[in-house]
Amino acid sequence: MIEIQTESTLTWSQHLSKALTSLPELIQHLALPTNMVKDGNEAQNTFKLLVPRPYLSRIEPGNPLDPLLLQILPSAAEMRLVPGYTTDPLEEADHSPQKAIVHKYKRRLLVITTGTCAVNCRYCFRRHFPYGENQLAQAEWQSVIDYLKAHPEVNEVILSGGDPLMMKDALLADKIHKLEALPQIKRLRIHSRLPVVIPQRVCDEMLAWIKNSRLDIIMVWHINHANEVDEDVIHAAQQLKHAGVTLLNQGVLLKGINDSVKAQVDLSEAVFKAGLLPYYMFTLDPVEGAAHFDISVEQAQRLMGKVAAELPGYLVPRLAKEIPGKQAKTVFAPIVD
């Protein structure tokens, strides 16, 4: 008898292989107006559609304004050139002393580990990033170790991408083992959206290297809307918490998606219920192709002032912006009327 594999028994890599990449198929699957294919076709050709089915299952069929759909749906608005929105909004190229390393802050070092993600978010600040020039082969990881040895003040390594959890656990564990051999390194931070869009990414192999690590491991997930948090996401978060991982959430304020008091309050409640502490809520990085998602800093401050009136302080994320050339993130106080 051939075993029939259900969606719930698929591994994370199998889910990834089944991710949807066709705009017409997306529109048909969600029973959306067919003219949306034409509207997003040019944008799809410049920054491809990619959405895994576990995430797709949380989108409401027939609703063209679904807040999860709008995060992944190519649209004609992306093709408008708006002054001030650039291909390198954080000027990361100016802080890249060598391949795959971004060193903007004194004690923290960011490593671009992969050039791929499990989902393509239309507001991504690295949608134009030259990943081909910045991907390290396994043998090149020693260049990161050598850089760290030359900079003993660095005590925290941040794995970013792309999405660092796109790497298989054996390769990831090998890289982390090399970091653990450096006494100066205290903390490992992993920024990822993968356990949100494919919760099955939190698997036995991942939990094994986490439990064996001497480092304090922090995972910063990226959740923008409460509808992204389902029972599978909660289960994945709880597994990591039980393994000793500190879980934080950071989001981006997106016009028409989460720029309301209700959306922000529901988001904080949802991520905290899952076991994550609200950390940052960023204003949009001014990346070319995403201007239609932006709201002003003052609008954001007034919004977060209303949110602060609804929630206890520990559930209100810090409103922040990363400004090129600054020695730390710029945090904005909520405006309370």
# chains A, B, ... in the order shown; residues from 1 in each chain; ligands from 1
$ select_by_dssp --residues "segment 121-284 of chain A" --states "helix (DSSP H, G or I)" --output "PyMOL selection string"
chain A and resi 131-133+138-149+164-166+169-180+194-197+199-201+204-212+226-228+231-242+261-274
$ residues_around --residues "segment 36-38 of chain A" --least-positions-apart "2" --cutoff "7 Å" --atoms "only C-alpha atoms" --output "NGL selection string"
:A and (23-24 or 27 or 33-34 or 40-41)
$ write_last_selection --atoms "N, CA, C and O atoms" --output "JSON list (two decimals), in the first residue's frame"
[["chain", "number", "residue", "atom", "x", "y", "z"],
["A", 23, "LEU", "N", 1.29, 33.77, -10.66],
["A", 23, "LEU", "CA", 0.28, 34.77, -10.33],
["A", 23, "LEU", "C", -1.11, 34.33, -10.80],
["A", 23, "LEU", "O", -2.07, 34.43, -10.02],
["A", 24, "PRO", "N", -1.27, 33.83, -12.04],
["A", 24, "PRO", "CA", -2.61, 33.35, -12.42],
["A", 24, "PRO", "C", -3.12, 32.24, -11.50],
["A", 24, "PRO", "O", -4.31, 32.20, -11.17],
["A", 27, "ILE", "N", -4.35, 33.83, -8.22],
["A", 27, "ILE", "CA", -5.63, 34.51, -8.41],
["A", 27, "ILE", "C", -6.77, 33.49, -8.51],
["A", 27, "ILE", "O", -7.84, 33.66, -7.91],
["A", 33, "PRO", "N", -10.56, 38.54, -8.63],
["A", 33, "PRO", "CA", -10.84, 39.04, -9.97],
["A", 33, "PRO", "C", -9.68, 38.79, -10.93],
["A", 33, "PRO", "O", -8.51, 39.04, -10.58],
["A", 34, "THR", "N", -9.99, 38.31, -12.12],
["A", 34, "THR", "CA", -8.93, 37.91, -13.07],
["A", 34, "THR", "C", -8.10, 39.09, -13.55],
["A", 34, "THR", "O", -6.96, 38.91, -13.98],
["A", 40, "GLY", "N", -0.67, 42.87, -11.87],
["A", 40, "GLY", "CA", 0.58, 42.52, -11.19],
["A", 40, "GLY", "C", 1.63, 41.86, -12.05],
["A", 40, "GLY", "O", 2.70, 41.50, -11.54],
["A", 41, "ASN", "N", 1.35, 41.72, -13.34],
["A", 41, "ASN", "CA", 2.24, 40.93, -14.18],
["A", 41, "ASN", "C", 3.64, 41.51, -14.31],
["A", 41, "ASN", "O", 4.64, 40.81, -14.19]]
$ residues_around --residues "Tyr314 of chain A" --least-positions-apart "4" --cutoff "12 Å" --atoms "only C-alpha atoms" --output "MDAnalysis selection string"
chainID A and resid 248 268:269 272 276:280 307:308 310 318
$ write_last_selection --atoms "N, CA, C and O atoms" --output "mmCIF file, in the first residue's frame"
data_model
loop_
_atom_site.group_PDB
_atom_site.id
_atom_site.type_symbol
_atom_site.label_atom_id
_atom_site.label_comp_id
_atom_site.auth_asym_id
_atom_site.auth_seq_id
_atom_site.Cartn_x
_atom_site.Cartn_y
_atom_site.Cartn_z
ATOM 1 N N LEU A 248 11.445 37.046 19.859
ATOM 2 C CA LEU A 248 11.004 38.432 19.706
ATOM 3 C C LEU A 248 10.294 38.573 18.368
ATOM 4 O O LEU A 248 10.545 37.800 17.432
ATOM 5 N N SER A 268 -0.109 42.486 18.646
ATOM 6 C CA SER A 268 0.646 42.320 19.893
ATOM 7 C C SER A 268 0.053 41.210 20.755
ATOM 8 O O SER A 268 0.780 40.405 21.344
ATOM 9 N N GLU A 269 -1.256 41.164 20.842
ATOM 10 C CA GLU A 269 -1.910 40.113 21.627
ATOM 11 C C GLU A 269 -1.618 38.737 21.036
ATOM 12 O O GLU A 269 -1.348 37.774 21.758
ATOM 13 N N PHE A 272 2.154 37.663 21.526
ATOM 14 C CA PHE A 272 2.437 37.369 22.930
ATOM 15 C C PHE A 272 1.807 36.041 23.339
ATOM 16 O O PHE A 272 2.412 35.241 24.063
ATOM 17 N N LEU A 276 5.993 35.166 21.886
ATOM 18 C CA LEU A 276 6.963 36.154 21.429
ATOM 19 C C LEU A 276 6.672 37.492 22.091
ATOM 20 O O LEU A 276 5.513 37.853 22.315
ATOM 21 N N LEU A 277 7.732 38.229 22.372
ATOM 22 C CA LEU A 277 7.568 39.566 22.930
ATOM 23 C C LEU A 277 7.633 40.588 21.795
ATOM 24 O O LEU A 277 8.569 40.556 20.982
ATOM 25 N N PRO A 278 6.641 41.482 21.683
ATOM 26 C CA PRO A 278 6.732 42.549 20.681
ATOM 27 C C PRO A 278 8.009 43.372 20.905
ATOM 28 O O PRO A 278 8.267 43.811 22.023
ATOM 29 N N TYR A 279 8.772 43.573 19.854
ATOM 30 C CA TYR A 279 10.130 44.128 19.959
ATOM 31 C C TYR A 279 10.212 45.471 19.242
ATOM 32 O O TYR A 279 10.299 46.516 19.876
ATOM 33 N N TYR A 280 10.168 45.451 17.920
ATOM 34 C CA TYR A 280 10.186 46.674 17.127
ATOM 35 C C TYR A 280 8.996 46.693 16.177
ATOM 36 O O TYR A 280 8.565 45.647 15.684
ATOM 37 N N VAL A 307 -2.267 53.018 20.327
ATOM 38 C CA VAL A 307 -2.016 51.621 20.699
ATOM 39 C C VAL A 307 -1.560 51.544 22.156
ATOM 40 O O VAL A 307 -1.994 50.673 22.921
ATOM 41 N N ALA A 308 -0.683 52.470 22.550
ATOM 42 C CA ALA A 308 -0.163 52.479 23.927
ATOM 43 C C ALA A 308 -1.275 52.703 24.943
ATOM 44 O O ALA A 308 -1.161 52.272 26.096
ATOM 45 N N GLU A 310 -4.106 51.354 24.733
ATOM 46 C CA GLU A 310 -4.895 50.125 24.770
ATOM 47 C C GLU A 310 -4.168 48.955 25.427
ATOM 48 O O GLU A 310 -4.801 47.987 25.858
ATOM 49 N N ARG A 318 8.571 48.989 20.202
ATOM 50 C CA ARG A 318 9.203 50.295 19.997
ATOM 51 C C ARG A 318 9.087 50.699 18.534
ATOM 52 O O ARG A 318 9.438 49.923 17.637
#
$ atom_distance --atom1 "atom CA of Glu298 of chain A" --atom2 "atom CA of Val261 of chain A"
14.7 Å
$ closest_residue --among "A:Met167, A:Leu49, A:Val245, A:Ile72" --to "Thr116 of chain A" --atoms "only C-alpha atoms"
A:Met167
$ residues_around --residues "Leu172 of chain A" --least-positions-apart "6" --cutoff "9 Å" --atoms "only C-alpha atoms" --output "VMD selection string"
chain A and resid 164 to 165 206 209
$ atom_distance --atom1 "atom CA of Asn45 of chain A" --atom2 "atom CA of Ile295 of chain A"
26.3 Å
$ closest_residue --among "A:Ala31, A:Ala237, A:Val331, A:Ile218" --to "Ile158 of chain A" --atoms "only C-alpha atoms"
A:Ile218
$ residues_around --residues "Met79 of chain A" --least-positions-apart "2" --cutoff "7 Å" --atoms "only C-alpha atoms" --output "JSON, numbers by chain"
{"A": [43, 76, 77, 81, 289]}
$ closest_residue --among "A:Lys186, A:Arg127, A:Lys329, A:Arg214" --to "Lys104 of chain A" --atoms "only C-alpha atoms"
A:Lys329
$ residues_around --residues "Asp232 of chain A" --least-positions-apart "3" --cutoff "7 Å" --atoms "only C-alpha atoms" --output "ChimeraX atom specification"
/A:199,235-236
$ residues_around --residues "Gln327 of chain A" --least-positions-apart "4" --cutoff "12 Å" --atoms "only C-alpha atoms" --output "list in words"
His95, His103, Lys104, Tyr105, Lys106, Arg107, Arg108, Glu322 and Ile323 of chain A
$ write_last_selection --atoms "C-alpha atoms" --output "PDB file, in the first residue's frame"
ATOM      1  CA  HIS A  95      29.048  49.097   5.644  1.00  0.00           C
ATOM      2  CA  HIS A 103      29.142  45.804  10.152  1.00  0.00           C
ATOM      3  CA  LYS A 104      27.223  48.934  11.100  1.00  0.00           C
ATOM      4  CA  TYR A 105      27.189  48.625  14.885  1.00  0.00           C
ATOM      5  CA  LYS A 106      30.237  48.253  17.133  1.00  0.00           C
ATOM      6  CA  ARG A 107      29.490  45.015  19.007  1.00  0.00           C
ATOM      7  CA  ARG A 108      27.168  43.337  16.518  1.00  0.00           C
ATOM      8  CA  GLU A 322      16.984  52.507  10.703  1.00  0.00           C
ATOM      9  CA  ILE A 323      18.643  55.624   9.330  1.00  0.00           C
TER      10      ILE A 323
END
$ closest_residue --among "A:Lys273, A:His151, A:His177, A:Arg80" --to "Asn212 of chain A" --atoms "only C-alpha atoms"
A:His177
$ closest_residue --among "A:Met219, A:Leu253, A:Leu32, A:Leu56" --to "Asp285 of chain A" --atoms "only C-alpha atoms"
A:Leu253
$ atom_distance --atom1 "atom CA of Arg58 of chain A" --atom2 "atom CA of Leu240 of chain A"
22.2 Å
$ select_by_dssp --residues "segment 48-109 of chain A" --states "strand (DSSP E or B)" --output "JSON, numbers by chain"
{"A": [51, 86, 101, 102, 103, 104, 105, 108, 109]}
